[in-house]
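Have a look at the structure below, then the notes.
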Amino acid sequence: MTTIRQWTSRIALLTFSLLLMNACSSNGQESTALDTPEWTQFRTLALQYDSTVSAFEKREKEDPAFAADPMGTAGAEIQQFYALMQKIGENIPPTLGDIKDVSGMNMNDLRMLKLAAMMGEKVEIIPAIDKELLELVQDPDSINSLKLEIAQVSLMNGDIEEARRFSTDDVLASAEPLNRAMLYGSFSTALLDAKNTDDARSYALKAVKEYGIAMNDPNADPRQAQAIMGRFGMVIAPLMYDLKEAGDAAGMDALLADTRALLPESMQWSDVQASINGAVAEIEKERAPLNKPATEWAEHEWIGSEALSLKSLKGKVILIDFFATWCKPCIRAFDHIREWDKNYKEDGLVVVGLTTYQSRYEGQSVEPAEEMKKLKDDFVKKHDITWAVGVEKSGRQTMTNYGVSGIPQIVLIDREGKVQYVKVGAADYDKTEKKIQQLLAE
């Protein structure tokens, strides 16, 4: 994966690059199905994105100094690129979620739609886009990239058989080790969710081997190596946690031994083990409250609702979203929460946003009364928050009670008032929605 592709992948939900955007371009002016002013504006930004990525990739090939240290040689330009990506994310057309059928769309429309879906984390539509693109692209690299991405997204949606259908031997052989590793890791996660522990273990170890190869690449960006180290924990920790819960010490030792045997000799085992231990601790933190009565939250001041409590909401499925106004991942999660609030409210879902006084708003120091006013008159309206928001009157006791150390954090409470799901970070939206559906059906 080139350095440029590493940059672009940071802003995408998917673990792969943005589908050889230049390889998939088409010439000429075609009629568009995305002809609203919002899509026209988005198209302009996307073209800027395309030309910037092309320029960076050309420079990477021709300028060894840039290839070796892009931030050191072109830091200001890269910061402008990040700003452009942020602007693209802020200008995703609101009609994106309404598009269900992409059949017959031309190449340019599909590319624009895909970029919007990736930036907006609307992963569910990407397989349909990719399958349509398969009918239009010609070069083998793009075809294999598309198939690999379809397999990855299928696993995120829990469709293991669809993923197997598209991750054929030739597709896997054409992929870079890092992309193979991430796909194998996703297979492991999906299989573990399906209670197929043996196959999950097998794919986890395949992922470990490929991550080790990627780590051992002498041309790898040091930042990439640092990110990969965290992934060893992500792929092995769920299996380790289950073995620990089962009291299977021998199984834990065997898994660690098999993991270590697959790593290059140049790697420090202590670093890998620390990554695994840290990830196990995170899982323990998320799962420790499960099936236990939720703790009543402290006294809050409310926006958009009368005072709420767990007692008053008993019989409902409650989604608590712990957030802060300065937290960009929290704000990205609002689109998904808004959809859940709209789609499941009638079925018994109640969304509650909980936060604390931060003593600042948009970089400025504020007193509590002014902060509340800005929350009510600006933040809630700007981000179209349709659910009740509570601000703890004093301190952060509720966040402490719920073990909140990172935000956003989503907690799902069943109709009996027991915690059934905890998710830290802006990710796994499909898994969260499936859990909402499960709890509503009970």
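Following the order of the structure tokens, first chain is A, next is B, and so on, with residues numbered from 1 inside each chain and ligands from 1 in the order they appear.
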
Open item on the list: At a cut-off of 12 Å, using only C-alpha atoms, what residues contact range 279-283 of chain A? Leave out same-chain residues fewer than 6 positions from it and give the result as a PyMOL selection string.
Closed with: chain A and resi 229-245+252+272-273+289-290+403-406+421-425

Per residue of range 150-255 of chain A within 12 Å of range 105-122 of chain A, record the nearest atom pair and its distance in Å to one decimal, counting only C-alpha atoms, with rows in chain order and ascending residue number, as CSV.
residue,atom,partner,partner_atom,distance
A:Val153,CA,A:Lys122,CA,10.8
A:Met156,CA,A:Lys122,CA,11.8
A:Asn157,CA,A:Lys122,CA,11.7

Task: Test item: residues at most 12 Å from Gln409 in chain A, only C-alpha atoms, excluding those fewer than 4 positions along its chain, as a ChimeraX atom specification - done: /A:285-286,319-324,327,329-331,333-334,337,352-355,399,402-405,421-429,432

Task: Top pick for closest residue to Glu339 in chain A, considering A:Leu313, A:Ile385, A:Leu148, A:Ala246 and counting only C-alpha atoms - done: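 Using only C-alpha atoms, the shortest distance to Glu339 in chain A belongs to A:Ile385.
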
Those of range 91-139 of chain A in DSSP alpha helix (DSSP H), formatted as a PDB file with N, CA and C atoms, in the first residue's frame:
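Result went into states-v8.pdb, see below:
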ATOM      1  N   MET A 107     -20.202   5.360 -14.612  1.00  0.00           N
ATOM      2  CA  MET A 107     -18.991   5.239 -13.807  1.00  0.00           C
ATOM      3  C   MET A 107     -18.805   6.422 -12.861  1.00  0.00           C
ATOM      4  N   ASN A 108     -18.969   7.630 -13.383  1.00  0.00           N
ATOM      5  CA  ASN A 108     -18.728   8.799 -12.552  1.00  0.00           C
ATOM      6  C   ASN A 108     -19.702   8.874 -11.384  1.00  0.00           C
ATOM      7  N   ASP A 109     -20.983   8.562 -11.637  1.00  0.00           N
ATOM      8  CA  ASP A 109     -21.961   8.567 -10.552  1.00  0.00           C
ATOM      9  C   ASP A 109     -21.603   7.541  -9.489  1.00  0.00           C
ATOM     10  N   LEU A 110     -21.192   6.367  -9.930  1.00  0.00           N
ATOM     11  CA  LEU A 110     -20.836   5.312  -8.979  1.00  0.00           C
ATOM     12  C   LEU A 110     -19.625   5.724  -8.141  1.00  0.00           C
ATOM     13  N   ARG A 111     -18.650   6.373  -8.776  1.00  0.00           N
ATOM     14  CA  ARG A 111     -17.474   6.823  -8.045  1.00  0.00           C
ATOM     15  C   ARG A 111     -17.841   7.881  -7.013  1.00  0.00           C
ATOM     16  N   MET A 112     -18.686   8.839  -7.411  1.00  0.00           N
ATOM     17  CA  MET A 112     -19.099   9.878  -6.473  1.00  0.00           C
ATOM     18  C   MET A 112     -19.890   9.273  -5.324  1.00  0.00           C
ATOM     19  N   LEU A 113     -20.780   8.351  -5.665  1.00  0.00           N
ATOM     20  CA  LEU A 113     -21.617   7.720  -4.646  1.00  0.00           C
ATOM     21  C   LEU A 113     -20.765   6.898  -3.683  1.00  0.00           C
ATOM     22  N   LYS A 114     -19.762   6.241  -4.233  1.00  0.00           N
ATOM     23  CA  LYS A 114     -18.919   5.413  -3.379  1.00  0.00           C
ATOM     24  C   LYS A 114     -18.091   6.270  -2.423  1.00  0.00           C
ATOM     25  N   LEU A 115     -17.525   7.357  -2.926  1.00  0.00           N
ATOM     26  CA  LEU A 115     -16.759   8.235  -2.056  1.00  0.00           C
ATOM     27  C   LEU A 115     -17.644   8.795  -0.941  1.00  0.00           C
ATOM     28  N   ALA A 116     -18.863   9.177  -1.298  1.00  0.00           N
ATOM     29  CA  ALA A 116     -19.794   9.694  -0.294  1.00  0.00           C
ATOM     30  C   ALA A 116     -20.135   8.616   0.728  1.00  0.00           C
ATOM     31  N   ALA A 117     -20.352   7.394   0.262  1.00  0.00           N
ATOM     32  CA  ALA A 117     -20.710   6.297   1.171  1.00  0.00           C
ATOM     33  C   ALA A 117     -19.561   5.972   2.119  1.00  0.00           C
ATOM     34  N   MET A 118     -18.339   6.003   1.615  1.00  0.00           N
ATOM     35  CA  MET A 118     -17.190   5.704   2.466  1.00  0.00           C
ATOM     36  C   MET A 118     -16.959   6.820   3.480  1.00  0.00           C
ATOM     37  N   MET A 119     -17.031   8.060   3.012  1.00  0.00           N
ATOM     38  CA  MET A 119     -16.826   9.184   3.918  1.00  0.00           C
ATOM     39  C   MET A 119     -17.952   9.292   4.934  1.00  0.00           C
ATOM     40  N   ILE A 126     -22.234  -0.086  -0.268  1.00  0.00           N
ATOM     41  CA  ILE A 126     -20.990  -0.243  -1.022  1.00  0.00           C
ATOM     42  C   ILE A 126     -20.932  -1.545  -1.824  1.00  0.00           C
ATOM     43  N   PRO A 127     -21.380  -2.707  -1.306  1.00  0.00           N
ATOM     44  CA  PRO A 127     -21.347  -3.900  -2.157  1.00  0.00           C
ATOM     45  C   PRO A 127     -22.143  -3.737  -3.447  1.00  0.00           C
ATOM     46  N   ALA A 128     -23.283  -3.075  -3.377  1.00  0.00           N
ATOM     47  CA  ALA A 128     -24.081  -2.870  -4.594  1.00  0.00           C
ATOM     48  C   ALA A 128     -23.331  -1.990  -5.585  1.00  0.00           C
ATOM     49  N   ILE A 129     -22.666  -0.954  -5.082  1.00  0.00           N
ATOM     50  CA  ILE A 129     -21.868  -0.088  -5.949  1.00  0.00           C
ATOM     51  C   ILE A 129     -20.727  -0.884  -6.576  1.00  0.00           C
ATOM     52  N   ASP A 130     -20.031  -1.664  -5.767  1.00  0.00           N
ATOM     53  CA  ASP A 130     -18.894  -2.427  -6.272  1.00  0.00           C
ATOM     54  C   ASP A 130     -19.321  -3.457  -7.320  1.00  0.00           C
ATOM     55  N   LYS A 131     -20.450  -4.099  -7.092  1.00  0.00           N
ATOM     56  CA  LYS A 131     -20.919  -5.092  -8.070  1.00  0.00           C
ATOM     57  C   LYS A 131     -21.277  -4.422  -9.393  1.00  0.00           C
ATOM     58  N   GLU A 132     -21.822  -3.218  -9.322  1.00  0.00           N
ATOM     59  CA  GLU A 132     -22.121  -2.478 -10.545  1.00  0.00           C
ATOM     60  C   GLU A 132     -20.822  -2.058 -11.239  1.00  0.00           C
ATOM     61  N   LEU A 133     -19.834  -1.649 -10.455  1.00  0.00           N
ATOM     62  CA  LEU A 133     -18.544  -1.268 -11.027  1.00  0.00           C
ATOM     63  C   LEU A 133     -17.838  -2.450 -11.682  1.00  0.00           C
ATOM     64  N   LEU A 134     -18.067  -3.649 -11.156  1.00  0.00           N
ATOM     65  CA  LEU A 134     -17.466  -4.841 -11.762  1.00  0.00           C
ATOM     66  C   LEU A 134     -17.865  -5.008 -13.217  1.00  0.00           C
TER      67      LEU A 134
END

TODO: Could you tell me how far CA of Thr356 in chain A lies from CA of Lys342 in chain A, in Å and to one decimal?
DONE: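 Between these atoms lies a distance of 25.0 Å.
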
Open item on the list: At a cut-off of 9 Å, using only C-alpha atoms, what residues contact Leu439 in chain A? Leave out same-chain residues fewer than 6 positions from it and give the result as a VMD selection string.
Closed with: chain A and resid 317 412 to 415 420

Writer output for current selection, N, CA and C atoms, as a compact mmCIF listing (two decimals), in the first residue's frame:
# COMPACT_ATOMS: atom_id res chain seq x y z
N VAL A 317 -36.36 -0.17 25.15
CA VAL A 317 -34.94 -0.42 24.88
C VAL A 317 -34.27 0.95 24.82
N LEU A 412 -26.44 -0.11 25.30
CA LEU A 412 -27.82 -0.55 25.06
C LEU A 412 -28.35 -1.27 26.29
N ILE A 413 -29.53 -0.86 26.73
CA ILE A 413 -30.17 -1.41 27.92
C ILE A 413 -31.48 -2.05 27.49
N ASP A 414 -31.73 -3.28 27.93
CA ASP A 414 -32.93 -3.99 27.49
C ASP A 414 -34.17 -3.52 28.26
N ARG A 415 -35.30 -4.10 27.93
CA ARG A 415 -36.58 -3.67 28.51
C ARG A 415 -36.66 -3.93 30.00
N GLN A 420 -26.96 -4.67 27.90
CA GLN A 420 -26.76 -5.80 26.99
C GLN A 420 -25.70 -5.54 25.92

TODO: Could you pull out the residues in range 200-400 of chain A that DSSP calls strand (DSSP E or B) from the backbone, as a PyMOL selection string?
DONE: chain A and resi 293+300-303+317-322+349-356+360-361+364-365+388-392

Open item on the list: Which residues are close to Glu362 in chain A, i.e. within 12 Å by only C-alpha atoms, leaving aside same-chain residues fewer than 6 positions away? Reply as a PyMOL selection string.
Closed with: chain A and resi 324-328+371+374-375+378-379

Would you put the residues from that selection into a file with C-alpha atoms, as a PDB file, in the first residue's frame?
ATOM      1  CA  ALA A 324     -18.866  15.660  23.930  1.00  0.00           C
ATOM      2  CA  THR A 325     -19.301  18.696  21.692  1.00  0.00           C
ATOM      3  CA  TRP A 326     -15.605  18.755  20.715  1.00  0.00           C
ATOM      4  CA  CYS A 327     -15.490  15.054  19.785  1.00  0.00           C
ATOM      5  CA  LYS A 328     -15.493  14.655  15.982  1.00  0.00           C
ATOM      6  CA  GLU A 371     -22.437  26.350  27.476  1.00  0.00           C
ATOM      7  CA  LYS A 374     -24.859  27.056  23.046  1.00  0.00           C
ATOM      8  CA  LEU A 375     -25.747  23.381  23.317  1.00  0.00           C
ATOM      9  CA  ASP A 378     -26.465  25.899  18.316  1.00  0.00           C
ATOM     10  CA  PHE A 379     -25.090  22.378  18.751  1.00  0.00           C
TER      11      PHE A 379
END

Open item on the list: Set the distance at 12 Å and use only C-alpha atoms: which residues neighbour Glu265 in chain A once local chain neighbours fewer than 4 positions away are removed? I'd like the list as a VMD selection string.
Closed with: chain A and resid 212 to 213 215 to 216 260 to 261 269

Task: Polymer residues at most 10 Å from Met182 in chain A, only C-alpha atoms, same-chain spacing of 4 or more positions, as a PyMOL selection string - done: chain A and resi 15-16+152+177-178+186-188+204+206-208+210-211+228+231+235

Could you take the residues named above and write them with C-alpha atoms, as a CSV table (one decimal), in the first residue's frame?
chain,number,residue,atom,x,y,z
A,15,THR,CA,-9.9,-1.0,5.5
A,16,PHE,CA,-8.9,-0.8,1.9
A,152,GLN,CA,-14.7,-7.3,3.4
A,177,PRO,CA,-0.2,-8.6,2.8
A,178,LEU,CA,-1.8,-5.9,4.8
A,186,SER,CA,-12.6,-9.8,9.5
A,187,PHE,CA,-13.3,-13.5,8.7
A,188,SER,CA,-12.2,-14.4,12.2
A,204,ALA,CA,-6.9,-15.2,13.1
A,206,LYS,CA,-3.7,-16.3,8.9
A,207,ALA,CA,-4.1,-12.7,9.7
A,208,VAL,CA,-1.2,-12.8,12.2
A,210,GLU,CA,0.2,-11.6,7.0
A,211,TYR,CA,0.5,-8.7,9.5
A,228,ILE,CA,-0.3,-2.9,12.6
A,231,ARG,CA,-4.0,-5.1,15.1
A,235,VAL,CA,-7.4,-10.2,16.0

Task: Option closest in space to Glu299 in chain A, from A:Asn219, A:Ser394, A:Gln364, A:Ser266 [counting only C-alpha atoms] - done: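 Ranking A:Asn219, A:Ser394, A:Gln364, A:Ser266 by distance to Glu299 in chain A, first place goes to A:Ser394.
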